[in-house]
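For reference, model.cif (mmCIF, C-alpha atoms):
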```cif
data_work
#
loop_
_atom_site.group_PDB
_atom_site.id
_atom_site.type_symbol
_atom_site.label_atom_id
_atom_site.label_comp_id
_atom_site.auth_asym_id
_atom_site.auth_seq_id
_atom_site.Cartn_x
_atom_site.Cartn_y
_atom_site.Cartn_z
ATOM 1 C CA GLY A 1 -5.389 -14.507 -9.902
ATOM 2 C CA VAL A 2 -4.631 -18.080 -9.037
ATOM 3 C CA SER A 3 -1.673 -17.927 -11.425
ATOM 4 C CA HIS A 4 -0.076 -15.344 -13.684
ATOM 5 C CA ASP A 5 -2.683 -15.897 -16.403
ATOM 6 C CA SER A 6 -5.726 -17.392 -14.663
ATOM 7 C CA PHE A 7 -8.325 -15.891 -12.316
ATOM 8 C CA GLY A 8 -10.289 -19.030 -11.351
ATOM 9 C CA PRO A 9 -13.731 -17.379 -11.094
ATOM 10 C CA GLY A 10 -15.493 -20.556 -9.965
ATOM 11 C CA ASP A 11 -12.826 -21.444 -7.401
ATOM 12 C CA SER A 12 -13.512 -21.032 -3.714
ATOM 13 C CA MET A 13 -12.326 -17.865 -2.054
ATOM 14 C CA ASP A 14 -10.378 -18.406 1.133
ATOM 15 C CA ARG A 15 -9.808 -16.236 4.176
ATOM 16 C CA SER A 16 -6.208 -15.368 3.317
ATOM 17 C CA MET A 17 -7.177 -14.272 -0.197
ATOM 18 C CA LEU A 18 -9.699 -11.724 1.043
ATOM 19 C CA ALA A 19 -7.308 -10.429 3.706
ATOM 20 C CA THR A 20 -4.727 -9.948 0.937
ATOM 21 C CA VAL A 21 -7.184 -8.136 -1.337
ATOM 22 C CA LEU A 22 -8.181 -5.707 1.439
ATOM 23 C CA TYR A 23 -4.522 -5.237 2.414
ATOM 24 C CA SER A 24 -3.725 -4.316 -1.191
ATOM 25 C CA LEU A 25 -6.757 -2.025 -1.381
ATOM 26 C CA ASP A 26 -5.401 -0.220 1.686
ATOM 27 C CA GLY A 27 -1.978 0.286 0.082
ATOM 28 C CA LYS A 28 -0.129 -2.553 1.860
ATOM 29 C CA PRO A 29 0.728 -0.668 5.055
ATOM 30 C CA ALA A 30 3.400 -1.958 7.430
ATOM 31 C CA ALA A 31 2.249 -4.867 9.544
ATOM 32 C CA GLY A 32 3.602 -6.746 12.529
ATOM 33 C CA LYS A 33 2.800 -10.363 13.334
ATOM 34 C CA SER A 34 -0.726 -11.719 13.357
ATOM 35 C CA GLY A 35 -0.413 -13.800 16.491
ATOM 36 C CA PHE A 36 -2.096 -16.763 14.812
ATOM 37 C CA ALA A 37 -0.124 -20.006 15.133
ATOM 38 C CA ASP A 38 -1.259 -21.195 11.689
ATOM 39 C CA VAL A 39 0.007 -18.088 9.862
ATOM 40 C CA ALA A 40 3.648 -18.828 9.147
ATOM 41 C CA ASP A 41 6.177 -16.021 8.940
ATOM 42 C CA GLY A 42 6.926 -15.466 5.281
ATOM 43 C CA ALA A 43 3.654 -16.967 4.005
ATOM 44 C CA TRP A 44 2.392 -14.978 1.005
ATOM 45 C CA TYR A 45 -0.549 -13.761 3.111
ATOM 46 C CA ALA A 46 1.239 -13.244 6.478
ATOM 47 C CA ASP A 47 1.549 -9.444 6.258
ATOM 48 C CA ALA A 48 -2.052 -9.098 5.087
ATOM 49 C CA VAL A 49 -3.444 -11.208 7.939
ATOM 50 C CA ALA A 50 -1.290 -9.360 10.496
ATOM 51 C CA TRP A 51 -2.496 -6.007 9.161
ATOM 52 C CA ALA A 52 -6.151 -7.094 9.095
ATOM 53 C CA ALA A 53 -6.070 -8.726 12.542
ATOM 54 C CA GLU A 54 -4.964 -5.614 14.407
ATOM 55 C CA PRO A 55 -8.095 -3.491 13.774
ATOM 56 C CA GLY A 56 -10.390 -6.530 13.808
ATOM 57 C CA ILE A 57 -11.056 -6.833 10.081
ATOM 58 C CA VAL A 58 -10.295 -10.510 10.488
ATOM 59 C CA SER A 59 -10.543 -12.718 13.503
ATOM 60 C CA GLY A 60 -9.503 -16.249 14.124
ATOM 61 C CA VAL A 61 -11.546 -19.387 14.153
ATOM 62 C CA SER A 62 -10.107 -19.800 17.656
ATOM 63 C CA ASP A 63 -7.807 -17.788 19.902
ATOM 64 C CA SER A 64 -4.696 -19.060 18.129
ATOM 65 C CA ALA A 65 -5.863 -20.173 14.674
ATOM 66 C CA PHE A 66 -6.868 -18.108 11.653
ATOM 67 C CA ALA A 67 -7.493 -20.963 9.161
ATOM 68 C CA PRO A 68 -5.952 -19.052 6.243
ATOM 69 C CA ASN A 69 -6.889 -21.690 3.679
ATOM 70 C CA GLY A 70 -10.424 -22.119 4.977
ATOM 71 C CA ALA A 71 -13.113 -21.361 2.416
ATOM 72 C CA ILE A 72 -14.776 -18.061 3.199
ATOM 73 C CA THR A 73 -18.542 -17.952 3.465
ATOM 74 C CA ARG A 74 -20.673 -15.200 2.038
ATOM 75 C CA GLU A 75 -21.497 -13.921 5.532
ATOM 76 C CA GLN A 76 -17.813 -13.932 6.514
ATOM 77 C CA LEU A 77 -17.002 -11.969 3.359
ATOM 78 C CA ALA A 78 -19.743 -9.443 4.149
ATOM 79 C CA THR A 79 -18.467 -9.133 7.719
ATOM 80 C CA MET A 80 -14.875 -8.525 6.651
ATOM 81 C CA LEU A 81 -16.014 -5.857 4.173
ATOM 82 C CA TYR A 82 -18.172 -4.270 6.873
ATOM 83 C CA SER A 83 -15.233 -4.203 9.302
ATOM 84 C CA TYR A 84 -12.980 -2.679 6.652
ATOM 85 C CA ALA A 85 -15.643 -0.053 5.873
ATOM 86 C CA LYS A 86 -15.736 0.962 9.536
ATOM 87 C CA LEU A 87 -11.929 1.230 9.553
ATOM 88 C CA ARG A 88 -12.054 3.539 6.513
ATOM 89 C CA GLY A 89 -14.824 5.696 8.027
ATOM 90 C CA ILE A 90 -17.463 4.619 5.519
ATOM 91 C CA ASP A 91 -21.021 5.004 6.787
ATOM 92 C CA THR A 92 -22.103 1.592 8.069
ATOM 93 C CA THR A 93 -25.362 2.704 9.631
ATOM 94 C CA GLN A 94 -27.392 1.598 6.634
ATOM 95 C CA GLY A 95 -30.630 0.125 7.890
ATOM 96 C CA GLY A 96 -33.549 -1.464 6.180
ATOM 97 C CA MET A 97 -35.438 -4.653 5.794
ATOM 98 C CA ALA A 98 -34.340 -5.849 2.331
ATOM 99 C CA VAL A 99 -32.390 -8.758 3.801
ATOM 100 C CA ARG A 100 -35.622 -10.118 5.301
ATOM 101 C CA GLU A 101 -37.051 -10.566 1.817
ATOM 102 C CA PHE A 102 -34.817 -13.610 1.269
ATOM 103 C CA SER A 103 -36.278 -16.970 2.229
ATOM 104 C CA ASP A 104 -33.127 -18.058 4.086
ATOM 105 C CA TYR A 105 -32.779 -14.871 6.129
ATOM 106 C CA ASP A 106 -33.098 -16.901 9.327
ATOM 107 C CA SER A 107 -29.947 -18.875 8.468
ATOM 108 C CA ILE A 108 -27.712 -15.802 8.831
ATOM 109 C CA SER A 109 -25.483 -16.266 11.876
ATOM 110 C CA ASP A 110 -26.195 -13.876 14.744
ATOM 111 C CA TRP A 111 -22.693 -12.368 14.543
ATOM 112 C CA ALA A 112 -23.187 -11.582 10.831
ATOM 113 C CA GLY A 113 -26.695 -10.119 10.955
ATOM 114 C CA HIS A 114 -25.817 -6.427 10.799
ATOM 115 C CA SER A 115 -23.051 -6.962 8.239
ATOM 116 C CA MET A 116 -25.349 -8.939 5.967
ATOM 117 C CA THR A 117 -28.127 -6.361 6.349
ATOM 118 C CA CYS A 118 -25.759 -3.564 5.349
ATOM 119 C CA ALA A 119 -24.310 -5.591 2.457
ATOM 120 C CA VAL A 120 -27.768 -6.285 1.011
ATOM 121 C CA ASN A 121 -29.077 -2.747 1.547
ATOM 122 C CA ASP A 122 -25.950 -1.214 0.007
ATOM 123 C CA GLY A 123 -26.156 -3.510 -3.033
ATOM 124 C CA ILE A 124 -22.885 -5.275 -2.216
ATOM 125 C CA LEU A 125 -24.528 -8.662 -1.798
ATOM 126 C CA SER A 126 -27.432 -10.048 -3.760
ATOM 127 C CA GLY A 127 -29.175 -13.375 -3.829
ATOM 128 C CA ARG A 128 -28.061 -16.579 -5.460
ATOM 129 C CA GLY A 129 -31.395 -17.454 -6.994
ATOM 130 C CA ASN A 130 -34.566 -19.038 -5.641
ATOM 131 C CA ASN A 131 -34.846 -15.993 -3.369
ATOM 132 C CA THR A 132 -31.879 -17.096 -1.226
ATOM 133 C CA LEU A 133 -28.782 -15.357 0.105
ATOM 134 C CA ALA A 134 -26.923 -18.573 1.005
ATOM 135 C CA PRO A 135 -25.067 -16.837 3.866
ATOM 136 C CA THR A 136 -23.191 -19.930 5.032
ATOM 137 C CA ALA A 137 -22.262 -21.124 1.543
ATOM 138 C CA GLY A 138 -18.734 -20.673 0.314
ATOM 139 C CA ALA A 139 -18.073 -17.612 -1.802
ATOM 140 C CA THR A 140 -16.469 -17.988 -5.197
ATOM 141 C CA ARG A 141 -13.748 -15.721 -6.508
ATOM 142 C CA ALA A 142 -16.259 -14.347 -9.043
ATOM 143 C CA GLU A 143 -18.743 -13.470 -6.281
ATOM 144 C CA MET A 144 -15.966 -11.822 -4.311
ATOM 145 C CA ALA A 145 -14.971 -9.762 -7.352
ATOM 146 C CA VAL A 146 -18.548 -8.515 -7.823
ATOM 147 C CA MET A 147 -18.914 -7.715 -4.123
ATOM 148 C CA LEU A 148 -15.606 -5.834 -4.141
ATOM 149 C CA GLN A 149 -16.611 -3.875 -7.230
ATOM 150 C CA GLN A 150 -19.824 -2.784 -5.486
ATOM 151 C CA PHE A 151 -17.911 -2.054 -2.276
ATOM 152 C CA VAL A 152 -15.293 0.104 -4.011
ATOM 153 C CA GLY A 153 -18.150 2.007 -5.644
ATOM 154 C CA LEU A 154 -19.435 2.865 -2.156
ATOM 155 C CA MET A 155 -15.947 3.940 -1.095
ATOM 156 C CA GLU A 156 -15.807 6.385 -3.992
ATOM 157 C CA LYS A 157 -19.009 8.177 -2.948
#
```
How would this structure read if it were set down as structure tokens?
Amino acid sequence: GVSHDSFGPGDSMDRSMLATVLYSLDGKPAAGKSGFADVADGAWYADAVAWAAEPGIVSGVSDSAFAPNGAITREQLATMLYSYAKLRGIDTTQGGMAVREFSDYDSISDWAGHSMTCAVNDGILSGRGNNTLAPTAGATRAEMAVMLQQFVGLMEK
């Protein structure tokens, strides 16, 4: 949550929050340093970012910056989940054309195309209405929770 008694479902999800969720999902393994200048030692998310950076679950917005407080987009969220799935040995070869049924399919960034395709085909990501995916829109904490619930369901198969 965003506090001890509040979840903040409509709040924006940021990059450090998702790294922390995946780090917790993985059992909080030992981590070194992330190498990102904007991830301070001792920050509540430092271990999570360091852990996620090593296998490439997260990457920086530049060579030295992670932008931990930057709002995460829906395509970034899908890409981080996809990268985590590969790390855990989950089948990421899901193909299909369902993603092309959305009117804003062409707005998916090239680097996120396969991740978004897998997320849609696996039922992790659905549209936002008006037949759109809104790949570059910020993801809310509620959207992240739904995507994670779907993702964990795939992990359990």
Requested in this report: Enumerate, as a ChimeraX atom specification, the residues matched when the PyMOL selection byres ((chain A and resi 92-108) around 12) is run on the file above.
Outcome: /A:73-76,78-79,81-91,109-137,151,154-155
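Taking atom CA of Tyr23 of chain A and atom CA of Asp5 of chain A as endpoints, the distance between them is 21.7 Å.
Restricting the calculation to all atoms listed in the file, the smallest distance between Ala19 of chain A and any of A:Thr140, A:Ser64, A:Ser3, A:Ser34 is found for A:Ser34.
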Query raised in the report: What is the distance between atom CA of Ala31 of chain A and atom CA of Gln149 of chain A, in Å to one decimal?
Result: 25.3 Å
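The space between atom CA of Ala145 of chain A and atom CA of Ala71 of chain A spans 15.3 Å.
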Put segment 14-38 of chain A into a file with N, CA and C atoms, as a PDB file, in the first residue's frame.
```pdb
ATOM      1  N   ASP A  14       4.785   3.492  -9.950  1.00  0.00           N
ATOM      2  CA  ASP A  14       6.083   3.929 -10.460  1.00  0.00           C
ATOM      3  C   ASP A  14       7.015   2.733 -10.611  1.00  0.00           C
ATOM      4  N   ARG A  15       8.151   2.996 -11.229  1.00  0.00           N
ATOM      5  CA  ARG A  15       9.096   1.940 -11.586  1.00  0.00           C
ATOM      6  C   ARG A  15       9.634   1.212 -10.348  1.00  0.00           C
ATOM      7  N   SER A  16       9.903   1.966  -9.294  1.00  0.00           N
ATOM      8  CA  SER A  16      10.443   1.336  -8.082  1.00  0.00           C
ATOM      9  C   SER A  16       9.400   0.452  -7.404  1.00  0.00           C
ATOM     10  N   MET A  17       8.135   0.833  -7.489  1.00  0.00           N
ATOM     11  CA  MET A  17       7.080   0.020  -6.879  1.00  0.00           C
ATOM     12  C   MET A  17       6.992  -1.349  -7.537  1.00  0.00           C
ATOM     13  N   LEU A  18       7.027  -1.378  -8.867  1.00  0.00           N
ATOM     14  CA  LEU A  18       6.919  -2.673  -9.545  1.00  0.00           C
ATOM     15  C   LEU A  18       8.160  -3.510  -9.295  1.00  0.00           C
ATOM     16  N   ALA A  19       9.333  -2.905  -9.303  1.00  0.00           N
ATOM     17  CA  ALA A  19      10.553  -3.656  -8.987  1.00  0.00           C
ATOM     18  C   ALA A  19      10.427  -4.284  -7.598  1.00  0.00           C
ATOM     19  N   THR A  20       9.875  -3.542  -6.650  1.00  0.00           N
ATOM     20  CA  THR A  20       9.721  -4.038  -5.283  1.00  0.00           C
ATOM     21  C   THR A  20       8.709  -5.175  -5.213  1.00  0.00           C
ATOM     22  N   VAL A  21       7.622  -5.071  -5.952  1.00  0.00           N
ATOM     23  CA  VAL A  21       6.622  -6.138  -5.972  1.00  0.00           C
ATOM     24  C   VAL A  21       7.232  -7.424  -6.526  1.00  0.00           C
ATOM     25  N   LEU A  22       7.966  -7.325  -7.640  1.00  0.00           N
ATOM     26  CA  LEU A  22       8.567  -8.524  -8.234  1.00  0.00           C
ATOM     27  C   LEU A  22       9.654  -9.099  -7.327  1.00  0.00           C
ATOM     28  N   TYR A  23      10.405  -8.232  -6.672  1.00  0.00           N
ATOM     29  CA  TYR A  23      11.436  -8.651  -5.723  1.00  0.00           C
ATOM     30  C   TYR A  23      10.788  -9.436  -4.576  1.00  0.00           C
ATOM     31  N   SER A  24       9.684  -8.952  -4.076  1.00  0.00           N
ATOM     32  CA  SER A  24       8.961  -9.651  -3.012  1.00  0.00           C
ATOM     33  C   SER A  24       8.401 -10.972  -3.508  1.00  0.00           C
ATOM     34  N   LEU A  25       7.857 -10.972  -4.722  1.00  0.00           N
ATOM     35  CA  LEU A  25       7.311 -12.190  -5.317  1.00  0.00           C
ATOM     36  C   LEU A  25       8.392 -13.258  -5.443  1.00  0.00           C
ATOM     37  N   ASP A  26       9.633 -12.827  -5.656  1.00  0.00           N
ATOM     38  CA  ASP A  26      10.749 -13.748  -5.819  1.00  0.00           C
ATOM     39  C   ASP A  26      11.393 -14.132  -4.490  1.00  0.00           C
ATOM     40  N   GLY A  27      10.843 -13.657  -3.374  1.00  0.00           N
ATOM     41  CA  GLY A  27      11.350 -14.038  -2.064  1.00  0.00           C
ATOM     42  C   GLY A  27      12.439 -13.135  -1.509  1.00  0.00           C
ATOM     43  N   LYS A  28      12.623 -11.966  -2.090  1.00  0.00           N
ATOM     44  CA  LYS A  28      13.620 -10.985  -1.650  1.00  0.00           C
ATOM     45  C   LYS A  28      15.026 -11.574  -1.546  1.00  0.00           C
ATOM     46  N   PRO A  29      15.546 -12.093  -2.665  1.00  0.00           N
ATOM     47  CA  PRO A  29      16.895 -12.661  -2.633  1.00  0.00           C
ATOM     48  C   PRO A  29      17.956 -11.577  -2.410  1.00  0.00           C
ATOM     49  N   ALA A  30      19.138 -12.005  -2.021  1.00  0.00           N
ATOM     50  CA  ALA A  30      20.239 -11.058  -1.799  1.00  0.00           C
ATOM     51  C   ALA A  30      20.516 -10.288  -3.079  1.00  0.00           C
ATOM     52  N   ALA A  31      20.852  -9.028  -2.911  1.00  0.00           N
ATOM     53  CA  ALA A  31      21.124  -8.169  -4.063  1.00  0.00           C
ATOM     54  C   ALA A  31      22.344  -7.312  -3.778  1.00  0.00           C
ATOM     55  N   GLY A  32      23.051  -6.960  -4.817  1.00  0.00           N
ATOM     56  CA  GLY A  32      24.197  -6.064  -4.689  1.00  0.00           C
ATOM     57  C   GLY A  32      23.758  -4.620  -4.860  1.00  0.00           C
ATOM     58  N   LYS A  33      24.482  -3.880  -5.666  1.00  0.00           N
ATOM     59  CA  LYS A  33      24.132  -2.494  -5.966  1.00  0.00           C
ATOM     60  C   LYS A  33      23.628  -2.428  -7.402  1.00  0.00           C
ATOM     61  N   SER A  34      22.707  -1.515  -7.637  1.00  0.00           N
ATOM     62  CA  SER A  34      22.094  -1.433  -8.964  1.00  0.00           C
ATOM     63  C   SER A  34      22.994  -0.802 -10.009  1.00  0.00           C
ATOM     64  N   GLY A  35      23.864   0.077  -9.590  1.00  0.00           N
ATOM     65  CA  GLY A  35      24.699   0.795 -10.544  1.00  0.00           C
ATOM     66  C   GLY A  35      24.044   2.053 -11.088  1.00  0.00           C
ATOM     67  N   PHE A  36      22.823   2.336 -10.687  1.00  0.00           N
ATOM     68  CA  PHE A  36      22.139   3.538 -11.139  1.00  0.00           C
ATOM     69  C   PHE A  36      22.429   4.669 -10.162  1.00  0.00           C
ATOM     70  N   ALA A  37      22.864   5.802 -10.679  1.00  0.00           N
ATOM     71  CA  ALA A  37      23.236   6.943  -9.829  1.00  0.00           C
ATOM     72  C   ALA A  37      22.040   7.489  -9.047  1.00  0.00           C
ATOM     73  N   ASP A  38      20.832   7.326  -9.571  1.00  0.00           N
ATOM     74  CA  ASP A  38      19.657   7.891  -8.905  1.00  0.00           C
ATOM     75  C   ASP A  38      18.947   6.896  -7.981  1.00  0.00           C
TER      76      ASP A  38
END
```
